[in-house]
Amino acid sequence: MKLVVAQMKHETNTFSPVPTPLTRFGTGGQLPLEGAAAAAAWRGTGSALAAFLELAEEAGAEVDLPIAASAWPSGPVHDAAFEHIASRICAAVAKGCDAVLLDLHGAMVTESYEDGEGELLRRIRAIAPGVPVGVALDMHTNLYDAMGRHATAIAGYQTYPHVDMHGTGLRAGRAVLAQLAGRARPTMAWGRQPMLPHVMRQGSDDEPNRTLQARCKQMEAEGALAASVFVGFPNADIEFAGLSAVVVTDNDPALARRWCDELLAMAWRERERFVYRLEPLAESMARAQRLAADKPPGSGPVVLLDHSDNCASGGTMDTMTVLGAMLDAGLTDAAAFAIYDPEAVRAMAAAGIGAELTLPLGGKLDMPSIGLKGRPRSVTGRVRRLSDGRYRNFGPMAKGEHNDMGLSAVFEVAGVQVAVISDHVEPHDLAAFTVLGIAPHTLRFLMLKSRVHWRAGLRSLAHAVVECAGTGVCTSDYELLAFKRVRRPIYPLDPM
Ligand SMILES: [Zn+2]
């Protein structure tokens with residue numbers, strides 16, 4: 001038995017000015033890994049790709065791993081990058097195989113295609129019409145019919161923060177391997193609702209997503225090969241952005257349809273609870289200060305979430321609004337993770353540890369889609385630490401995966417340790433802090449450019465959480481996003 005196993009992951013924020021060339025799909029600005037090098041880097045991690053490799057090994061299958069390509073979210077994927085990745089995968093399929101297992105995201109938009117995953121699957125189908133294709137997808141999938149039509153079995157993450165990527169690979173892979181062994185015949189139904197849940201209301205520990213995901217797990221306990229609700233990725237102006245569901249049953253298309261419709265109806269009933277209400281930043285800052293004043297000694301930091309500028313949703317990670325408000329308010333005993341500013345890091349490295357300097361921090365990228373120019377803030381501080389920025393996640397999310405934030409510095413500005421980095425990473429893992437010598441649990445305030453994923457590795461440290469509406473292209477204020485292509489009417493853009 002021969003399996004083609006591959007990864008192509010990108011969540012595209014069509015409002016993001018951050019470019020997405022091929023090098024964004026490798027670690028540290030390298031090209032994405034192929035073959036044995038890819039297997040060595042990903043084996044044993046918490047990814048769906050690692051799960052596919054384990055299943056193949058268990059089954060004694062020969063594996064062809066043409067490419068493992070995973071990029072931090074950003075603007076539309078450059079055509080050349082998509083063609084490079086898709087052509088590697090298609091060439092492997094063309095050599096012949098018994099099944100294809102794909103670790104995809106589900107919300108990839110390229111310069112030419114609104115539905116990058118659907119286009120990849122369409123090409124695979126043209127080469128291998130009868131070969132089973134198992135697909136693992138992120139919960140932020142924006143589902144197009146081409147994905148449902150061309151895949152044999154789809155399984156989506158059931159957690160946000162995504163701590164079940166590996167388990168999702170097992171669910172998708174097992175459905176396909178059962179088919180190869182003649183033990184199952186996957187039948188799939190999918191559908192969408194015209195709704196754009198706010199990311200800030202999508203956490204799977206919160207309602208209504210907790211109940212939706214629990215029902216998916218229950219369906220699997222009742223015999224579904226996989227049941228998934230995708231809350232969707234709303235910072236994408238494409239026709240089918242938003243919530244969807246897929247259910248795979250064993251040779252029972254009617255049951256798949258019924259279960260899928262049940263999930264979609266549940267989600268629609270709860271649509272109002274997926275709407276996030278923003279708090280004005282000044283109120284958030286005052287609340288954070290009150291919470292810190294009442295904090296018992298030894299308790300963890302008050303976490304300030306700069307959720308409009310999260311690089312894991314396509315944010316530039318360099319807007320200074322929330323950090324600026326912290327500095328203006330005189331918050332001390334604090335850290336901020338992170339400001340993306342390679343130019344500032346180079347200046348700090350040149351000055352050396354201990355040096356004091358004044359420089360324009362952040363704000364290097366304009367955000368034309370929301371009518372904003374980048375606005376650096378002039379700050380004076382001391383270079384406390386320098387690092388190569390490389391680490392492996394402790395977990396639980398993406399456990400063991402390699403990260404590279406490039407040359408990085410801790411710049412202490414008026415009592416705030418500001419992490420300044422040269423490549424995007426979202427702070428969802430304690431290892432990102434350890435590598436910079438920051439101990440978050442000892443601080444009074446911790447600013448994170450994150451929305452929900454920070455909970456995976458850091459929530460247990462937090463005394464309290466204050467969600468701060470700063471500026472950036474992952475804003476939860478839909479009024480700021482000029483939607484032109486998404487289907488209408490859609491809730492809550494339109495009253496429904
Ligand atoms: Zn996601």
# chains A, B, ... in the order shown; residues from 1 in each chain; ligands from 1
>>> residues_near_ligand(ligand="ligand 1", cutoff="8 Å", atoms="only C-alpha atoms and all ligand atoms", output="PDB file with N, CA and C atoms, in the first residue's frame")
ATOM      1  N   GLU A  11      -4.189  30.282   6.467  1.00  0.00           N
ATOM      2  CA  GLU A  11      -5.445  30.985   6.690  1.00  0.00           C
ATOM      3  C   GLU A  11      -5.251  32.375   6.118  1.00  0.00           C
ATOM      4  N   HIS A 105      -5.618  23.704   5.634  1.00  0.00           N
ATOM      5  CA  HIS A 105      -6.287  24.623   6.556  1.00  0.00           C
ATOM      6  C   HIS A 105      -7.775  24.730   6.255  1.00  0.00           C
ATOM      7  N   ASP A 138      -8.763  22.878   9.519  1.00  0.00           N
ATOM      8  CA  ASP A 138      -8.832  23.768  10.679  1.00  0.00           C
ATOM      9  C   ASP A 138     -10.298  24.158  10.935  1.00  0.00           C
ATOM     10  N   MET A 139     -10.604  24.470  12.199  1.00  0.00           N
ATOM     11  CA  MET A 139     -11.969  24.901  12.531  1.00  0.00           C
ATOM     12  C   MET A 139     -12.326  26.210  11.827  1.00  0.00           C
ATOM     13  N   HIS A 140     -11.324  26.969  11.363  1.00  0.00           N
ATOM     14  CA  HIS A 140     -11.577  28.235  10.675  1.00  0.00           C
ATOM     15  C   HIS A 140     -11.745  28.089   9.177  1.00  0.00           C
ATOM     16  N   THR A 141     -12.004  26.876   8.757  1.00  0.00           N
ATOM     17  CA  THR A 141     -12.296  26.616   7.344  1.00  0.00           C
ATOM     18  C   THR A 141     -13.466  27.451   6.850  1.00  0.00           C
ATOM     19  N   TYR A 160     -10.908  25.002  19.882  1.00  0.00           N
ATOM     20  CA  TYR A 160     -10.308  26.302  19.619  1.00  0.00           C
ATOM     21  C   TYR A 160     -10.068  26.940  20.963  1.00  0.00           C
ATOM     22  N   PRO A 161      -8.803  27.061  21.460  1.00  0.00           N
ATOM     23  CA  PRO A 161      -7.536  26.816  20.767  1.00  0.00           C
ATOM     24  C   PRO A 161      -7.449  25.384  20.216  1.00  0.00           C
ATOM     25  N   HIS A 162      -6.722  25.281  19.113  1.00  0.00           N
ATOM     26  CA  HIS A 162      -6.642  24.008  18.403  1.00  0.00           C
ATOM     27  C   HIS A 162      -5.648  23.061  19.084  1.00  0.00           C
ATOM     28  N   PHE A 233     -13.712  31.625   9.062  1.00  0.00           N
ATOM     29  CA  PHE A 233     -12.773  32.734   9.258  1.00  0.00           C
ATOM     30  C   PHE A 233     -13.347  33.988   8.597  1.00  0.00           C
TER      31      PHE A 233
END
>>> residues_around(residues="Arg192 of chain A", least_positions_apart="6", cutoff="9 Å", atoms="only C-alpha atoms", output="ChimeraX atom specification")
/A:143-144,240,242-245,264
>>> residues_around(residues="Ile339 of chain A", least_positions_apart="6", cutoff="8 Å", atoms="only C-alpha atoms", output="NGL selection string")
:A and (317-319 or 361-362 or 418-421)
>>> write_last_selection(atoms="N, CA and C atoms", output="compact mmCIF listing (two decimals), in the first residue's frame")
# COMPACT_ATOMS: atom_id res chain seq x y z
N MET A 317 1.02 42.58 13.32
CA MET A 317 1.67 42.41 14.60
C MET A 317 2.62 43.57 14.90
N ASP A 318 2.29 44.71 14.35
CA ASP A 318 3.16 45.86 14.64
C ASP A 318 2.39 47.12 14.98
N THR A 319 1.06 46.98 15.21
CA THR A 319 0.33 48.20 15.59
C THR A 319 0.61 48.52 17.06
N LEU A 361 9.29 52.52 17.09
CA LEU A 361 8.98 51.10 17.22
C LEU A 361 7.64 50.78 16.55
N GLY A 362 7.62 49.66 15.81
CA GLY A 362 6.39 49.18 15.19
C GLY A 362 5.86 50.11 14.11
N VAL A 418 9.29 44.66 26.30
CA VAL A 418 8.65 44.51 25.00
C VAL A 418 9.45 43.50 24.17
N ALA A 419 8.80 42.39 23.81
CA ALA A 419 9.44 41.44 22.90
C ALA A 419 9.34 42.02 21.49
N VAL A 420 10.48 42.12 20.81
CA VAL A 420 10.49 42.64 19.45
C VAL A 420 11.07 41.54 18.56
N ILE A 421 10.32 41.15 17.53
CA ILE A 421 10.68 39.95 16.77
C ILE A 421 10.78 40.24 15.28
>>> closest_residue(among="A:Asn142, A:Thr168, A:Ser299, A:Thr332", to="Phe230 of chain A", atoms="only C-alpha atoms")
A:Asn142
>>> residues_around(residues="Pro253 of chain A", least_positions_apart="5", cutoff="8 Å", atoms="only C-alpha atoms", output="MDAnalysis selection string")
chainID A and resid 187:189
>>> select_by_dssp(residues="segment 13-119 of chain A", states="alpha helix (DSSP H)", output="count of residues only")
39
>>> residues_around(residues="Lys449 of chain A", least_positions_apart="2", cutoff="12 Å", atoms="only C-alpha atoms", output="JSON, numbers by chain")
{"A": [303, 304, 305, 306, 307, 308, 309, 310, 311, 312, 313, 314, 315, 316, 317, 318, 319, 320, 321, 322, 323, 335, 336, 337, 338, 339, 340, 418, 419, 424, 425, 426, 427, 428, 446, 447, 451, 452, 453, 454, 467, 468, 469, 470, 471, 472, 474, 475]}
>>> write_last_selection(atoms="N, CA and C atoms", output="CSV table (one decimal), in the first residue's frame")
chain,number,residue,atom,x,y,z
A,303,VAL,N,-4.0,39.8,32.0
A,303,VAL,CA,-3.7,39.7,30.6
A,303,VAL,C,-4.5,40.7,29.8
A,304,LEU,N,-3.8,41.5,29.0
A,304,LEU,CA,-4.4,42.4,28.1
A,304,LEU,C,-4.3,41.9,26.7
A,305,LEU,N,-5.4,41.5,26.1
A,305,LEU,CA,-5.4,40.9,24.7
A,305,LEU,C,-5.5,42.0,23.7
A,306,ASP,N,-4.5,42.2,22.9
A,306,ASP,CA,-4.5,43.1,21.7
A,306,ASP,C,-5.1,42.3,20.6
A,307,HIS,N,-6.4,42.1,20.6
A,307,HIS,CA,-7.0,41.1,19.6
A,307,HIS,C,-7.2,41.6,18.2
A,308,SER,N,-7.0,42.9,18.0
A,308,SER,CA,-7.2,43.4,16.6
A,308,SER,C,-6.0,43.1,15.7
A,309,ASP,N,-4.9,42.7,16.4
A,309,ASP,CA,-3.6,42.6,15.6
A,309,ASP,C,-2.9,41.3,15.9
A,310,ASN,N,-3.5,40.2,15.6
A,310,ASN,CA,-3.0,38.9,15.9
A,310,ASN,C,-2.4,38.3,14.7
A,311,CYS,N,-1.1,38.0,14.7
A,311,CYS,CA,-0.5,37.5,13.5
A,311,CYS,C,-1.0,36.1,13.1
A,312,ALA,N,-1.7,35.4,14.0
A,312,ALA,CA,-2.3,34.1,13.6
A,312,ALA,C,-3.7,34.3,13.0
A,313,SER,N,-4.0,35.6,12.7
A,313,SER,CA,-5.2,35.9,11.9
A,313,SER,C,-4.9,36.8,10.8
A,314,GLY,N,-3.6,37.0,10.5
A,314,GLY,CA,-3.2,37.9,9.4
A,314,GLY,C,-2.8,39.3,9.9
A,315,GLY,N,-2.8,39.5,11.2
A,315,GLY,CA,-2.4,40.9,11.7
A,315,GLY,C,-0.9,41.2,11.3
A,316,THR,N,-0.6,42.5,11.2
A,316,THR,CA,0.8,42.9,10.9
A,316,THR,C,1.6,42.6,12.2
A,317,MET,N,1.0,42.6,13.3
A,317,MET,CA,1.7,42.4,14.6
A,317,MET,C,2.6,43.6,14.9
A,318,ASP,N,2.3,44.7,14.4
A,318,ASP,CA,3.2,45.9,14.6
A,318,ASP,C,2.4,47.1,15.0
A,319,THR,N,1.1,47.0,15.2
A,319,THR,CA,0.3,48.2,15.6
A,319,THR,C,0.6,48.5,17.1
A,320,MET,N,0.7,49.8,17.4
A,320,MET,CA,1.2,50.2,18.7
A,320,MET,C,0.1,50.8,19.6
A,321,THR,N,-1.2,50.6,19.2
A,321,THR,CA,-2.3,51.2,19.9
A,321,THR,C,-2.4,50.8,21.4
A,322,VAL,N,-2.4,49.4,21.5
A,322,VAL,CA,-2.6,48.9,22.9
A,322,VAL,C,-1.3,49.1,23.7
A,323,LEU,N,-0.2,48.8,23.1
A,323,LEU,CA,1.1,49.0,23.9
A,323,LEU,C,1.2,50.5,24.2
A,335,ALA,N,5.0,42.9,30.6
A,335,ALA,CA,5.6,42.5,29.3
A,335,ALA,C,4.6,42.6,28.2
A,336,ALA,N,5.1,42.7,27.0
A,336,ALA,CA,4.2,42.7,25.8
A,336,ALA,C,4.8,41.8,24.7
A,337,PHE,N,4.0,40.9,24.2
A,337,PHE,CA,4.4,39.9,23.2
A,337,PHE,C,3.5,40.0,22.0
A,338,ALA,N,3.9,40.4,21.0
A,338,ALA,CA,5.2,41.0,20.6
A,338,ALA,C,5.0,42.1,19.6
A,339,ILE,N,6.0,42.9,19.3
A,339,ILE,CA,6.0,43.8,18.2
A,339,ILE,C,6.9,43.3,17.1
A,340,TYR,N,6.3,43.1,15.9
A,340,TYR,CA,7.1,42.6,14.8
A,340,TYR,C,7.8,43.9,14.2
A,418,VAL,N,9.3,44.7,26.3
A,418,VAL,CA,8.6,44.5,25.0
A,418,VAL,C,9.4,43.5,24.2
A,419,ALA,N,8.8,42.4,23.8
A,419,ALA,CA,9.4,41.4,22.9
A,419,ALA,C,9.3,42.0,21.5
A,424,HIS,N,6.9,36.5,12.3
A,424,HIS,CA,5.6,36.3,13.0
A,424,HIS,C,5.5,35.0,13.8
A,425,VAL,N,5.2,35.1,15.1
A,425,VAL,CA,4.7,33.9,15.8
A,425,VAL,C,3.6,34.4,16.8
A,426,GLU,N,2.5,33.6,17.0
A,426,GLU,CA,1.5,34.1,18.0
A,426,GLU,C,1.9,33.5,19.3
A,427,PRO,N,1.7,34.3,20.4
A,427,PRO,CA,2.1,33.8,21.7
A,427,PRO,C,1.0,32.9,22.3
A,428,HIS,N,1.1,31.6,21.9
A,428,HIS,CA,0.2,30.6,22.5
A,428,HIS,C,1.0,29.6,23.3
A,446,LEU,N,0.4,41.4,31.4
A,446,LEU,CA,1.0,40.7,30.2
A,446,LEU,C,0.1,41.1,29.0
A,447,MET,N,0.7,41.8,28.1
A,447,MET,CA,0.0,42.1,26.8
A,447,MET,C,0.3,41.1,25.8
A,451,ARG,N,-5.9,36.3,20.0
A,451,ARG,CA,-7.4,36.3,20.3
A,451,ARG,C,-7.8,35.2,21.2
A,452,VAL,N,-7.7,33.9,20.7
A,452,VAL,CA,-8.2,32.8,21.5
A,452,VAL,C,-7.0,31.8,21.8
A,453,HIS,N,-6.1,31.6,20.9
A,453,HIS,CA,-5.1,30.6,21.0
A,453,HIS,C,-4.2,30.8,22.2
A,454,TRP,N,-4.0,32.0,22.7
A,454,TRP,CA,-3.2,32.2,23.9
A,454,TRP,C,-3.6,31.3,25.1
A,467,GLU,N,-10.0,42.1,27.3
A,467,GLU,CA,-9.9,42.2,25.8
A,467,GLU,C,-9.8,43.6,25.4
A,468,CYS,N,-8.7,44.0,24.7
A,468,CYS,CA,-8.5,45.4,24.3
A,468,CYS,C,-8.6,45.6,22.8
A,469,ALA,N,-9.5,46.5,22.5
A,469,ALA,CA,-9.7,46.7,21.0
A,469,ALA,C,-8.7,47.8,20.6
A,470,GLY,N,-7.7,47.3,20.0
A,470,GLY,CA,-6.6,48.1,19.4
A,470,GLY,C,-6.9,48.4,17.9
A,471,THR,N,-5.9,48.4,17.1
A,471,THR,CA,-6.1,48.6,15.7
A,471,THR,C,-5.4,47.4,14.9
A,472,GLY,N,-6.0,47.1,13.8
A,472,GLY,CA,-5.4,46.1,13.0
A,472,GLY,C,-6.4,45.4,12.1
A,474,CYS,N,-7.2,42.3,11.9
A,474,CYS,CA,-8.1,41.3,12.4
A,474,CYS,C,-9.1,41.9,13.4
A,475,THR,N,-9.4,43.1,13.1
A,475,THR,CA,-10.4,43.7,14.0
A,475,THR,C,-11.7,42.9,14.0
>>> residues_around(residues="segment 247-251 of chain A", least_positions_apart="6", cutoff="12 Å", atoms="only C-alpha atoms", output="ChimeraX atom specification")
/A:134-135,148,151-156,171-172,174-176,178-179,182-191,215-217,219-230,257-264
>>> closest_residue(among="A:Ala214, A:Thr27, A:Trp42, A:Met266", to="Tyr391 of chain A", atoms="only C-alpha atoms")
A:Thr27
>>> select_by_dssp(residues="segment 138-258 of chain A", states="strand (DSSP E or B)", output="list in words")
Ala153, Ile154, Ala155, Gly156, Pro186, Thr187, Met188, Ala189, Trp190, Gly191, Arg192, Met195, Ala226, Ala227, Ser228, Val229, Phe230, Ser244, Ala245, Val246, Val247, Val248, Thr249 and Asp250 of chain A
>>> residues_around(residues="His78 of chain A", least_positions_apart="3", cutoff="10 Å", atoms="only C-alpha atoms", output="list in words")
Pro19, Thr20, Pro21, Leu22, Gly75, Ala81, Phe82, Glu83, Val109, Thr110, Glu111 and Ser112 of chain A
>>> atom_distance(atom1="atom CA of Gly415 of chain A", atom2="atom CA of Asp333 of chain A")
5.6 Å
>>> closest_residue(among="A:Val383, A:Leu102, A:Val163, A:Ile238", to="Arg485 of chain A", atoms="only C-alpha atoms")
A:Ile238
>>> closest_residue(among="A:Met195, A:Ala462, A:Leu291, A:Val5", to="Ala267 of chain A", atoms="only C-alpha atoms")
A:Met195
